[in-house]
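Dropping entry37.tsv in here (TSV, C-alpha atoms and all ligand atoms):
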chain	number	residue	atom	x	y	z
A	1	MET	CA	-15.89	-16.43	15.43
A	2	THR	CA	-16.20	-12.65	15.42
A	3	THR	CA	-15.49	-10.25	12.61
A	4	ASN	CA	-13.85	-6.83	12.57
A	5	GLU	CA	-16.32	-4.39	14.01
A	6	SER	CA	-16.00	-1.28	11.91
A	7	ALA	CA	-17.83	1.98	12.26
A	8	LEU	CA	-19.09	1.84	8.67
A	9	GLY	CA	-22.76	2.49	8.01
A	10	GLU	CA	-25.01	-0.51	7.39
A	11	ALA	CA	-26.41	1.16	4.28
A	12	ASP	CA	-22.94	1.19	2.67
A	13	TRP	CA	-22.36	-2.47	3.46
A	14	ARG	CA	-25.82	-3.41	2.11
A	15	ARG	CA	-25.29	-1.47	-1.11
A	16	ALA	CA	-21.80	-2.90	-1.70
A	17	ILE	CA	-23.02	-6.45	-1.10
A	18	GLU	CA	-26.00	-5.95	-3.43
A	19	LEU	CA	-23.78	-4.61	-6.21
A	20	ILE	CA	-21.18	-7.37	-5.88
A	21	ARG	CA	-23.85	-10.10	-5.81
A	22	SER	CA	-25.67	-8.82	-8.89
A	23	ALA	CA	-22.68	-7.88	-11.10
A	24	GLY	CA	-21.89	-10.14	-14.06
A	25	THR	CA	-18.22	-9.15	-14.16
A	26	LEU	CA	-16.23	-7.51	-11.38
A	27	ALA	CA	-13.37	-5.23	-12.38
A	28	LEU	CA	-10.92	-4.84	-9.48
A	29	ALA	CA	-8.14	-2.25	-9.28
A	30	CYS	CA	-5.61	-1.28	-6.60
A	31	HIS	CA	-3.26	1.68	-6.32
A	32	VAL	CA	-0.21	2.07	-8.56
A	33	SER	CA	3.13	0.59	-7.43
A	34	PRO	CA	1.08	-1.82	-5.34
A	35	ASP	CA	2.19	-2.79	-1.85
A	36	ALA	CA	1.07	-5.95	-0.04
A	37	ASP	CA	-2.09	-4.28	1.30
A	38	ALA	CA	-3.19	-3.04	-2.12
A	39	LEU	CA	-2.46	-6.25	-4.02
A	40	GLY	CA	-3.39	-8.57	-1.12
A	41	SER	CA	-6.81	-7.01	-0.55
A	42	MET	CA	-7.57	-7.08	-4.29
A	43	LEU	CA	-6.37	-10.63	-4.96
A	44	GLY	CA	-7.89	-11.97	-1.72
A	45	LEU	CA	-11.38	-10.75	-2.59
A	46	GLY	CA	-10.87	-11.63	-6.27
A	47	LEU	CA	-9.87	-15.22	-5.49
A	48	ALA	CA	-12.75	-15.79	-3.10
A	49	LEU	CA	-15.27	-14.39	-5.61
A	50	ALA	CA	-13.78	-16.31	-8.55
A	51	ARG	CA	-14.24	-19.51	-6.57
A	52	THR	CA	-17.97	-18.87	-6.42
A	53	GLY	CA	-18.03	-18.73	-10.23
A	54	LYS	CA	-17.92	-14.92	-10.56
A	55	LYS	CA	-16.09	-13.44	-13.51
A	56	VAL	CA	-13.25	-11.32	-12.08
A	57	VAL	CA	-10.50	-9.22	-13.66
A	58	ALA	CA	-7.90	-7.41	-11.56
A	59	SER	CA	-5.19	-4.90	-12.41
A	60	PHE	CA	-3.29	-1.77	-11.41
A	61	GLY	CA	-2.50	1.22	-13.56
A	62	ASP	CA	1.31	1.36	-13.75
A	63	ARG	CA	2.73	2.34	-17.13
A	64	VAL	CA	5.11	-0.59	-16.89
A	65	PHE	CA	2.88	-3.40	-15.64
A	66	ALA	CA	4.79	-5.83	-13.42
A	67	VAL	CA	4.06	-7.32	-10.02
A	68	PRO	CA	6.89	-6.34	-7.64
A	69	ARG	CA	9.21	-9.31	-7.11
A	70	LEU	CA	8.48	-9.52	-3.40
A	71	LEU	CA	4.71	-9.84	-4.00
A	72	ARG	CA	4.86	-12.61	-6.60
A	73	PHE	CA	4.21	-15.22	-3.91
A	74	LEU	CA	0.68	-13.90	-3.37
A	75	PRO	CA	-1.96	-16.37	-4.60
A	76	GLY	CA	-4.45	-15.27	-7.27
A	77	GLN	CA	-2.05	-13.72	-9.82
A	78	HIS	CA	-3.90	-15.52	-12.64
A	79	LEU	CA	-6.67	-12.94	-12.16
A	80	LEU	CA	-4.35	-10.10	-13.25
A	81	VAL	CA	-4.66	-8.46	-16.66
A	82	GLU	CA	-2.63	-5.60	-18.16
A	83	PRO	CA	-4.31	-2.18	-18.04
A	84	SER	CA	-4.67	-2.36	-21.86
A	85	ALA	CA	-6.92	-5.45	-21.47
A	86	TYR	CA	-9.04	-3.89	-18.71
A	87	PRO	CA	-12.74	-3.16	-19.40
A	88	ALA	CA	-13.04	0.46	-20.61
A	89	GLU	CA	-16.43	0.98	-18.97
A	90	PRO	CA	-16.80	-1.64	-16.23
A	91	GLU	CA	-20.35	-2.22	-14.96
A	92	LEU	CA	-18.93	-2.57	-11.44
A	93	MET	CA	-15.42	-1.53	-10.46
A	94	VAL	CA	-13.89	-1.95	-7.00
A	95	ALA	CA	-10.88	0.13	-5.89
A	96	PHE	CA	-8.51	-1.06	-3.13
A	97	ASP	CA	-6.23	0.93	-0.79
A	98	ALA	CA	-6.43	4.03	-3.02
A	99	SER	CA	-7.17	7.35	-1.28
A	100	THR	CA	-7.83	9.26	-4.52
A	101	MET	CA	-8.86	8.39	-8.05
A	102	GLU	CA	-5.43	9.54	-9.30
A	103	ARG	CA	-3.81	6.74	-7.27
A	104	LEU	CA	-5.38	4.33	-9.79
A	105	GLY	CA	-2.98	5.69	-12.42
A	106	LEU	CA	-3.83	4.45	-15.93
A	107	LEU	CA	-7.07	2.92	-14.59
A	108	ALA	CA	-8.44	6.23	-13.27
A	109	PRO	CA	-10.36	6.92	-16.52
A	110	HIS	CA	-11.93	3.45	-16.26
A	111	ALA	CA	-13.05	4.26	-12.72
A	112	GLY	CA	-14.53	7.52	-13.99
A	113	LYS	CA	-16.63	5.60	-16.54
A	114	ALA	CA	-17.65	2.69	-14.30
A	115	GLY	CA	-21.39	2.15	-13.79
A	116	GLU	CA	-20.75	1.78	-10.05
A	117	LEU	CA	-17.49	2.29	-8.17
A	118	VAL	CA	-17.04	0.68	-4.74
A	119	VAL	CA	-14.10	2.20	-2.86
A	120	ILE	CA	-12.52	-0.03	-0.18
A	121	ASP	CA	-9.85	1.76	1.83
A	122	HIS	CA	-8.53	2.84	5.24
A	123	HIS	CA	-6.88	6.21	4.50
A	124	VAL	CA	-8.29	9.02	6.63
A	125	SER	CA	-7.60	11.28	3.63
A	126	ASN	CA	-9.83	9.24	1.28
A	127	THR	CA	-11.60	11.73	-0.99
A	128	GLY	CA	-14.77	9.66	-1.46
A	129	PHE	CA	-14.37	9.29	-5.23
A	130	GLY	CA	-16.71	6.31	-5.66
A	131	THR	CA	-20.44	5.68	-5.63
A	132	VAL	CA	-20.24	3.44	-2.53
A	133	HIS	CA	-17.57	3.77	0.18
A	134	LEU	CA	-16.25	1.13	2.54
A	135	VAL	CA	-13.61	3.38	4.07
A	136	ASP	CA	-12.59	2.76	7.67
A	137	PRO	CA	-9.69	4.91	8.97
A	138	ALA	CA	-9.70	2.85	12.18
A	139	ALA	CA	-8.75	-0.27	10.19
A	140	ALA	CA	-5.03	-1.08	10.27
A	141	SER	CA	-5.14	-2.29	6.66
A	142	THR	CA	-7.51	-2.39	3.71
A	143	THR	CA	-7.43	-6.17	4.10
A	144	MET	CA	-9.26	-5.71	7.44
A	145	VAL	CA	-12.17	-4.05	5.63
A	146	VAL	CA	-12.05	-6.78	2.97
A	147	GLU	CA	-12.25	-9.53	5.61
A	148	GLU	CA	-15.45	-8.04	7.01
A	149	LEU	CA	-16.89	-7.68	3.51
A	150	MET	CA	-16.07	-11.32	2.76
A	151	ASN	CA	-17.74	-12.48	5.96
A	152	ARG	CA	-20.83	-10.43	5.15
A	153	LEU	CA	-20.87	-11.92	1.63
A	154	GLY	CA	-20.59	-15.41	3.12
A	155	LEU	CA	-17.36	-16.09	1.20
A	156	THR	CA	-14.92	-18.77	2.33
A	157	ILE	CA	-11.52	-17.56	3.55
A	158	ASP	CA	-9.26	-20.51	2.79
A	159	ARG	CA	-5.48	-20.66	3.24
A	160	GLU	CA	-4.72	-18.94	-0.08
A	161	VAL	CA	-7.19	-16.11	0.45
A	162	ALA	CA	-5.94	-15.75	4.03
A	163	THR	CA	-2.35	-15.47	2.76
A	164	CYS	CA	-3.37	-12.44	0.66
A	165	LEU	CA	-5.18	-10.79	3.58
A	166	TYR	CA	-2.43	-11.56	6.09
A	167	ALA	CA	0.26	-10.05	3.84
A	168	GLY	CA	-1.61	-6.74	3.84
A	169	LEU	CA	-2.23	-6.86	7.58
A	170	VAL	CA	1.37	-7.56	8.60
A	171	THR	CA	2.75	-5.02	6.15
A	172	ASP	CA	0.53	-2.10	7.15
A	173	THR	CA	0.94	-2.77	10.89
A	174	GLY	CA	4.74	-3.03	10.45
A	175	SER	CA	4.56	-6.59	11.79
A	176	PHE	CA	2.24	-5.46	14.59
A	177	ARG	CA	4.62	-2.71	15.73
A	178	HIS	CA	2.84	0.45	14.56
A	179	SER	CA	0.37	2.38	16.72
A	180	ILE	CA	-2.51	1.12	14.54
A	181	THR	CA	-1.97	-2.39	15.98
A	182	THR	CA	-5.35	-2.87	17.65
A	183	PRO	CA	-6.85	-5.89	19.38
A	184	ALA	CA	-8.96	-6.28	16.23
A	185	ALA	CA	-5.79	-6.53	14.10
A	186	HIS	CA	-4.40	-9.31	16.29
A	187	ALA	CA	-7.76	-11.06	16.40
A	188	MET	CA	-7.90	-11.06	12.60
A	189	ALA	CA	-4.35	-12.44	12.44
A	190	GLY	CA	-5.51	-15.27	14.71
A	191	ARG	CA	-8.43	-16.12	12.43
A	192	LEU	CA	-6.17	-16.08	9.35
A	193	LEU	CA	-3.47	-18.23	11.02
A	194	ALA	CA	-6.16	-20.79	11.84
A	195	THR	CA	-6.50	-21.47	8.07
A	196	GLY	CA	-3.00	-22.99	8.13
A	197	LEU	CA	-1.10	-20.19	6.39
A	198	ARG	CA	2.68	-20.06	6.91
A	199	PRO	CA	3.64	-16.78	8.64
A	200	GLU	CA	7.38	-17.54	8.43
A	201	GLU	CA	7.19	-18.01	4.65
A	202	ILE	CA	5.19	-14.81	4.19
A	203	ALA	CA	7.62	-12.82	6.37
A	204	ARG	CA	10.61	-14.17	4.48
A	205	GLU	CA	9.10	-13.25	1.10
A	206	LEU	CA	8.15	-9.76	2.28
A	207	TRP	CA	11.19	-8.65	4.28
A	208	ASP	CA	13.93	-11.20	4.71
A	209	ARG	CA	15.34	-11.76	1.25
A	210	SER	CA	16.96	-9.72	-1.52
A	211	PRO	CA	19.59	-10.09	-4.24
A	212	PHE	CA	23.20	-9.33	-3.24
A	213	ALA	CA	23.00	-6.16	-5.36
A	214	TYR	CA	20.61	-4.73	-2.76
A	215	LEU	CA	23.35	-4.74	-0.11
A	216	ARG	CA	25.62	-2.79	-2.47
A	217	VAL	CA	22.97	-0.16	-3.28
A	218	LEU	CA	21.92	0.05	0.37
A	219	GLY	CA	25.56	0.70	1.26
A	220	THR	CA	25.73	3.54	-1.25
A	221	ALA	CA	22.50	5.11	0.02
A	222	LEU	CA	23.39	4.76	3.72
A	223	GLY	CA	26.89	6.11	3.02
A	224	ARG	CA	25.40	9.45	2.04
A	225	ALA	CA	22.58	9.61	4.61
A	226	THR	CA	22.33	13.11	6.04
A	227	LEU	CA	21.26	14.07	9.56
A	228	GLU	CA	19.82	17.57	10.00
A	229	PRO	CA	19.29	18.07	13.76
A	230	ASP	CA	17.69	21.52	13.33
A	231	ALA	CA	15.07	20.42	10.82
A	232	ALA	CA	11.47	19.44	11.75
A	233	GLY	CA	11.30	22.21	14.35
A	234	GLY	CA	14.50	20.98	16.00
A	235	LEU	CA	13.30	17.37	16.28
A	236	GLY	CA	15.63	16.26	13.50
A	237	LEU	CA	15.49	14.93	9.95
A	238	VAL	CA	17.42	12.04	8.43
A	239	TRP	CA	17.32	11.51	4.69
A	240	THR	CA	19.01	9.89	1.75
A	241	TYR	CA	18.33	8.95	-1.87
A	242	VAL	CA	18.76	6.10	-4.34
A	243	SER	CA	19.20	7.17	-7.94
A	244	ARG	CA	18.49	5.24	-11.07
A	245	ALA	CA	22.26	5.28	-11.74
A	246	ASP	CA	22.93	3.72	-8.31
A	247	ARG	CA	20.65	0.84	-9.21
A	248	ALA	CA	21.94	0.53	-12.79
A	249	ALA	CA	25.51	0.19	-11.48
A	250	GLU	CA	24.46	-2.98	-9.64
A	251	GLY	CA	21.67	-4.18	-11.94
A	252	LEU	CA	19.02	-3.72	-9.26
A	253	PRO	CA	15.33	-3.30	-10.23
A	254	TYR	CA	13.37	-0.41	-8.73
A	255	ASP	CA	10.99	-2.50	-6.62
A	256	GLU	CA	13.90	-3.88	-4.57
A	257	VAL	CA	14.53	-0.45	-2.99
A	258	GLU	CA	10.89	0.25	-2.06
A	259	GLY	CA	11.39	-0.72	1.61
A	260	MET	CA	14.66	1.13	2.27
A	261	ILE	CA	12.86	3.66	4.47
A	262	ASP	CA	12.54	0.91	7.10
A	263	VAL	CA	16.30	1.02	7.67
A	264	VAL	CA	16.55	4.82	7.65
A	265	ARG	CA	13.59	5.54	9.95
A	266	ARG	CA	15.26	3.88	12.96
A	267	VAL	CA	17.59	6.83	13.62
A	268	ASP	CA	17.19	8.09	17.23
A	269	GLU	CA	18.23	11.66	16.43
A	270	ALA	CA	15.48	12.25	13.86
A	271	GLU	CA	11.72	12.64	14.17
A	272	VAL	CA	11.34	12.49	10.38
A	273	ALA	CA	12.97	10.09	7.92
A	274	VAL	CA	12.90	10.48	4.13
A	275	VAL	CA	14.13	8.28	1.27
A	276	LEU	CA	13.92	9.53	-2.32
A	277	LYS	CA	13.81	6.68	-4.84
A	278	GLU	CA	14.28	7.35	-8.54
A	279	ASP	CA	12.23	5.04	-10.74
A	280	ASP	CA	12.94	3.98	-14.31
A	281	GLU	CA	11.02	6.89	-15.78
A	282	ALA	CA	13.37	9.43	-14.12
A	283	GLY	CA	10.83	10.51	-11.50
A	284	TRP	CA	11.37	10.39	-7.74
A	285	ASN	CA	9.06	8.51	-5.38
A	286	VAL	CA	9.50	9.88	-1.89
A	287	SER	CA	8.88	7.77	1.23
A	288	THR	CA	8.45	9.70	4.47
A	289	ARG	CA	7.99	8.54	8.06
A	290	SER	CA	7.56	10.33	11.39
A	291	LYS	CA	7.47	9.13	14.97
A	292	GLY	CA	4.17	10.92	15.64
A	293	ALA	CA	4.97	14.59	16.22
A	294	VAL	CA	4.93	15.60	12.54
A	295	ASP	CA	1.89	14.88	10.34
A	296	MET	CA	3.42	13.38	7.20
A	297	ALA	CA	0.05	12.91	5.47
A	298	ARG	CA	-0.46	16.67	5.64
A	299	ALA	CA	3.10	17.46	4.48
A	300	CYS	CA	2.93	15.03	1.56
A	301	ALA	CA	-0.57	16.15	0.57
A	302	ALA	CA	0.82	19.68	0.20
A	303	LEU	CA	3.20	18.26	-2.42
A	304	GLY	CA	0.55	16.30	-4.30
A	305	GLY	CA	0.87	13.00	-2.41
A	306	GLY	CA	-0.79	11.55	0.66
A	307	GLY	CA	-0.84	8.65	3.09
A	308	HIS	CA	-1.13	8.21	6.85
A	309	PRO	CA	0.00	10.60	9.66
A	310	ARG	CA	3.19	8.62	10.32
A	311	ALA	CA	3.77	7.10	6.85
A	312	ALA	CA	3.16	9.02	3.66
A	313	GLY	CA	4.65	9.71	0.25
A	314	PHE	CA	4.61	11.82	-2.89
A	315	SER	CA	6.11	11.89	-6.37
A	316	SER	CA	8.53	14.57	-7.53
A	317	ALA	CA	9.85	15.61	-10.92
A	318	LEU	CA	12.33	18.01	-9.28
A	319	SER	CA	15.97	17.34	-8.39
A	320	VAL	CA	16.85	15.76	-5.05
A	321	ALA	CA	17.95	19.13	-3.62
A	322	ASP	CA	14.83	20.96	-4.83
A	323	THR	CA	12.53	18.19	-3.59
A	324	MET	CA	14.08	18.37	-0.13
A	325	ALA	CA	13.90	22.18	-0.20
A	326	ALA	CA	10.16	21.92	-0.90
A	327	LEU	CA	9.61	19.37	1.87
A	328	ARG	CA	11.69	20.90	4.73
A	329	PRO	CA	9.38	23.86	5.49
A	330	LEU	CA	6.42	21.45	5.75
A	331	LEU	CA	7.94	19.48	8.63
A	332	ALA	CA	6.73	21.66	11.52
A	333	PRO	CA	5.66	19.52	14.50
A	334	GLU	CA	1.96	19.45	15.44
A	335	GLY	CA	0.99	22.39	17.65
A	336	SER	CA	3.96	24.54	16.58
A	337	ARG	CA	2.28	25.63	13.33
A	338	SER	CA	1.20	29.25	13.21
B	401	LIG	P1	5.54	4.20	1.02
B	401	LIG	O1	6.55	5.15	1.55
B	401	LIG	O2	5.63	4.01	-0.46
B	401	LIG	O3	5.55	2.91	1.78
B	401	LIG	O4	4.11	4.87	1.26
B	401	LIG	C1	3.63	5.17	2.56
B	401	LIG	C2	2.19	5.60	2.49
B	401	LIG	O5	2.06	6.78	1.70
B	401	LIG	C3	1.23	4.59	1.89
B	401	LIG	O6	0.06	4.58	2.69
B	401	LIG	C4	0.91	5.10	0.52
B	401	LIG	O7	-0.40	4.79	0.16
B	401	LIG	C5	1.11	6.61	0.65
B	401	LIG	N1	1.71	7.16	-0.58
B	401	LIG	C6	2.94	6.92	-1.07
B	401	LIG	N2	3.15	7.58	-2.22
B	401	LIG	C7	2.02	8.29	-2.47
B	401	LIG	C8	1.60	9.18	-3.53
B	401	LIG	N3	2.40	9.48	-4.56
B	401	LIG	N4	0.34	9.70	-3.45
B	401	LIG	C9	-0.47	9.39	-2.41
B	401	LIG	N5	-0.14	8.57	-1.39
B	401	LIG	C10	1.09	8.02	-1.41
B	402	MN	MN	-0.94	0.89	0.09
B	403	MN	MN	-3.03	0.18	3.26

Can you present the structure in this file as structure tokens?
Amino acid sequence: MTTNESALGEADWRRAIELIRSAGTLALACHVSPDADALGSMLGLGLALARTGKKVVASFGDRVFAVPRLLRFLPGQHLLVEPSAYPAEPELMVAFDASTMERLGLLAPHAGKAGELVVIDHHVSNTGFGTVHLVDPAAASTTMVVEELMNRLGLTIDREVATCLYAGLVTDTGSFRHSITTPAAHAMAGRLLATGLRPEEIARELWDRSPFAYLRVLGTALGRATLEPDAAGGLGLVWTYVSRADRAAEGLPYDEVEGMIDVVRRVDEAEVAVVLKEDDEAGWNVSTRSKGAVDMARACAALGGGGHPRAAGFSSALSVADTMAALRPLLAPEGSRS
């Protein structure tokens, strides 16, 4: 059995392992509005550590604390506490899938006061905001870094832990379709499948179910999708939005529309796809995707967000029109920038 071979320094691994072994309580946190990689990497490591008798608390810093409906199947949810019950000054805090301290939301101040802060991530844009960094941009998911850490710690990856790790791996590789799908990603999937996890059940929970109201709201959003062939340096832009009112009309919670970009990004005529999603606090969360010619991480970083070259996002307090007006000039293809 091999493990992921990352390019991380041995000193970082040694330090992280030392800290985790010696800590009395581990305070885990993942990025706000958690996706399967954020929550899966945190709960996977949390579960495995809790089973060795470690005291573990886990959380994420959203103002309204709720696990998205489609991630409620992940094992280990009993480890979760509300941000208000989170240790104010943790002796050891571990951050998952967060490229900046701000991505920890309400838990960012806790991270600032932590005795030690281990940052586990795979964003190339990671700012190095911890005291120890296990950051591997070559890893397809944060759960790939977590698997190696668990192997180095000698932790057992049983079916439940594997379910958490697999959810992050399949999500961030787009079901092994994205360019980050390496031999190492498939090899890890093989190891996880060998624990007896049910890939068909995980896939159904993640992508193949929704309330009827989702079809109605999707219809509204797709009905007003706009194609701008001249945008993105002539490579094309397709975009749409889902307002809070759209969702209210059908009684659809915000987290159900998180993945709508996966329908919009398929358009042949557009290099860049954008979906603006209004949350319940009247702010817009913007999902952006490119096919490789436009660096979305760079564009979104310029607007206060971040992410990966082909998949990135940002938040906006502006109107839909003003948000798009701010984004359009940032969509120049690589090599055409002056
Ligand atoms: P999403 O469109 O929500 O699936 O996000 C795609 C990628 O962009 C993920 O890697 C996120 O971590 C990143 N991302 C999304 N929103 C933000 C944000 N407001 N700030 C930083 N990174 C973000
Ligand atoms: Mn994430
Ligand atoms: Mn990730």

Choose the residue, out of A:Asp172, A:Glu278, A:Glu271, A:Glu200, that has the smallest atom-to-atom separation from ligand MN 403 (chain B); count only C-alpha atoms and all ligand atoms.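 Selected residue with least distance to ligand MN 403 (chain B): A:Asp172.
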
Using all atoms listed in the file, which residues of the polymer chains come no farther than 12 Å from ligand MN 402 (chain B)? I'd like the answer as a tab-separated table (two decimals) with C-alpha atoms, in the coordinates of the input.
chain	number	residue	atom	x	y	z
A	30	CYS	CA	-5.61	-1.28	-6.60
A	31	HIS	CA	-3.26	1.68	-6.32
A	32	VAL	CA	-0.21	2.07	-8.56
A	33	SER	CA	3.13	0.59	-7.43
A	34	PRO	CA	1.08	-1.82	-5.34
A	35	ASP	CA	2.19	-2.79	-1.85
A	36	ALA	CA	1.07	-5.95	-0.04
A	37	ASP	CA	-2.09	-4.28	1.30
A	38	ALA	CA	-3.19	-3.04	-2.12
A	39	LEU	CA	-2.46	-6.25	-4.02
A	40	GLY	CA	-3.39	-8.57	-1.12
A	41	SER	CA	-6.81	-7.01	-0.55
A	42	MET	CA	-7.57	-7.08	-4.29
A	95	ALA	CA	-10.88	0.13	-5.89
A	96	PHE	CA	-8.51	-1.06	-3.13
A	97	ASP	CA	-6.23	0.93	-0.79
A	98	ALA	CA	-6.43	4.03	-3.02
A	99	SER	CA	-7.17	7.35	-1.28
A	100	THR	CA	-7.83	9.26	-4.52
A	103	ARG	CA	-3.81	6.74	-7.27
A	104	LEU	CA	-5.38	4.33	-9.79
A	120	ILE	CA	-12.52	-0.03	-0.18
A	121	ASP	CA	-9.85	1.76	1.83
A	122	HIS	CA	-8.53	2.84	5.24
A	123	HIS	CA	-6.88	6.21	4.50
A	140	ALA	CA	-5.03	-1.08	10.27
A	141	SER	CA	-5.14	-2.29	6.66
A	142	THR	CA	-7.51	-2.39	3.71
A	143	THR	CA	-7.43	-6.17	4.10
A	167	ALA	CA	0.26	-10.05	3.84
A	168	GLY	CA	-1.61	-6.74	3.84
A	169	LEU	CA	-2.23	-6.86	7.58
A	171	THR	CA	2.75	-5.02	6.15
A	172	ASP	CA	0.53	-2.10	7.15
A	173	THR	CA	0.94	-2.77	10.89
A	306	GLY	CA	-0.79	11.55	0.66
A	307	GLY	CA	-0.84	8.65	3.09
A	308	HIS	CA	-1.13	8.21	6.85
A	311	ALA	CA	3.77	7.10	6.85
A	312	ALA	CA	3.16	9.02	3.66
A	313	GLY	CA	4.65	9.71	0.25

Using CA of Thr52 in chain A and CA of Leu153 in chain A as the two end points, give the distance in Å to one decimal. 11.0 Å

Could you name the residues that touch range 201-212 of chain A at 9 Å or less, counting only C-alpha atoms, but leaving out those on the same chain fewer than 4 positions away, as a PyMOL selection string? chain A and resi 36+70-74+163+166-167+170-171+175+197+216+252+256+259

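Counting only C-alpha atoms and comparing A:Gly105, A:Gln77, A:Val94, A:Ala138, the residue that lies closest to Leu117 in chain A is A:Val94.
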
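Proximity of A:Met324, A:Ala301, A:Leu106, A:Leu80 to Tyr241 in chain A, computed with all atoms listed in the file, is greatest for A:Met324.
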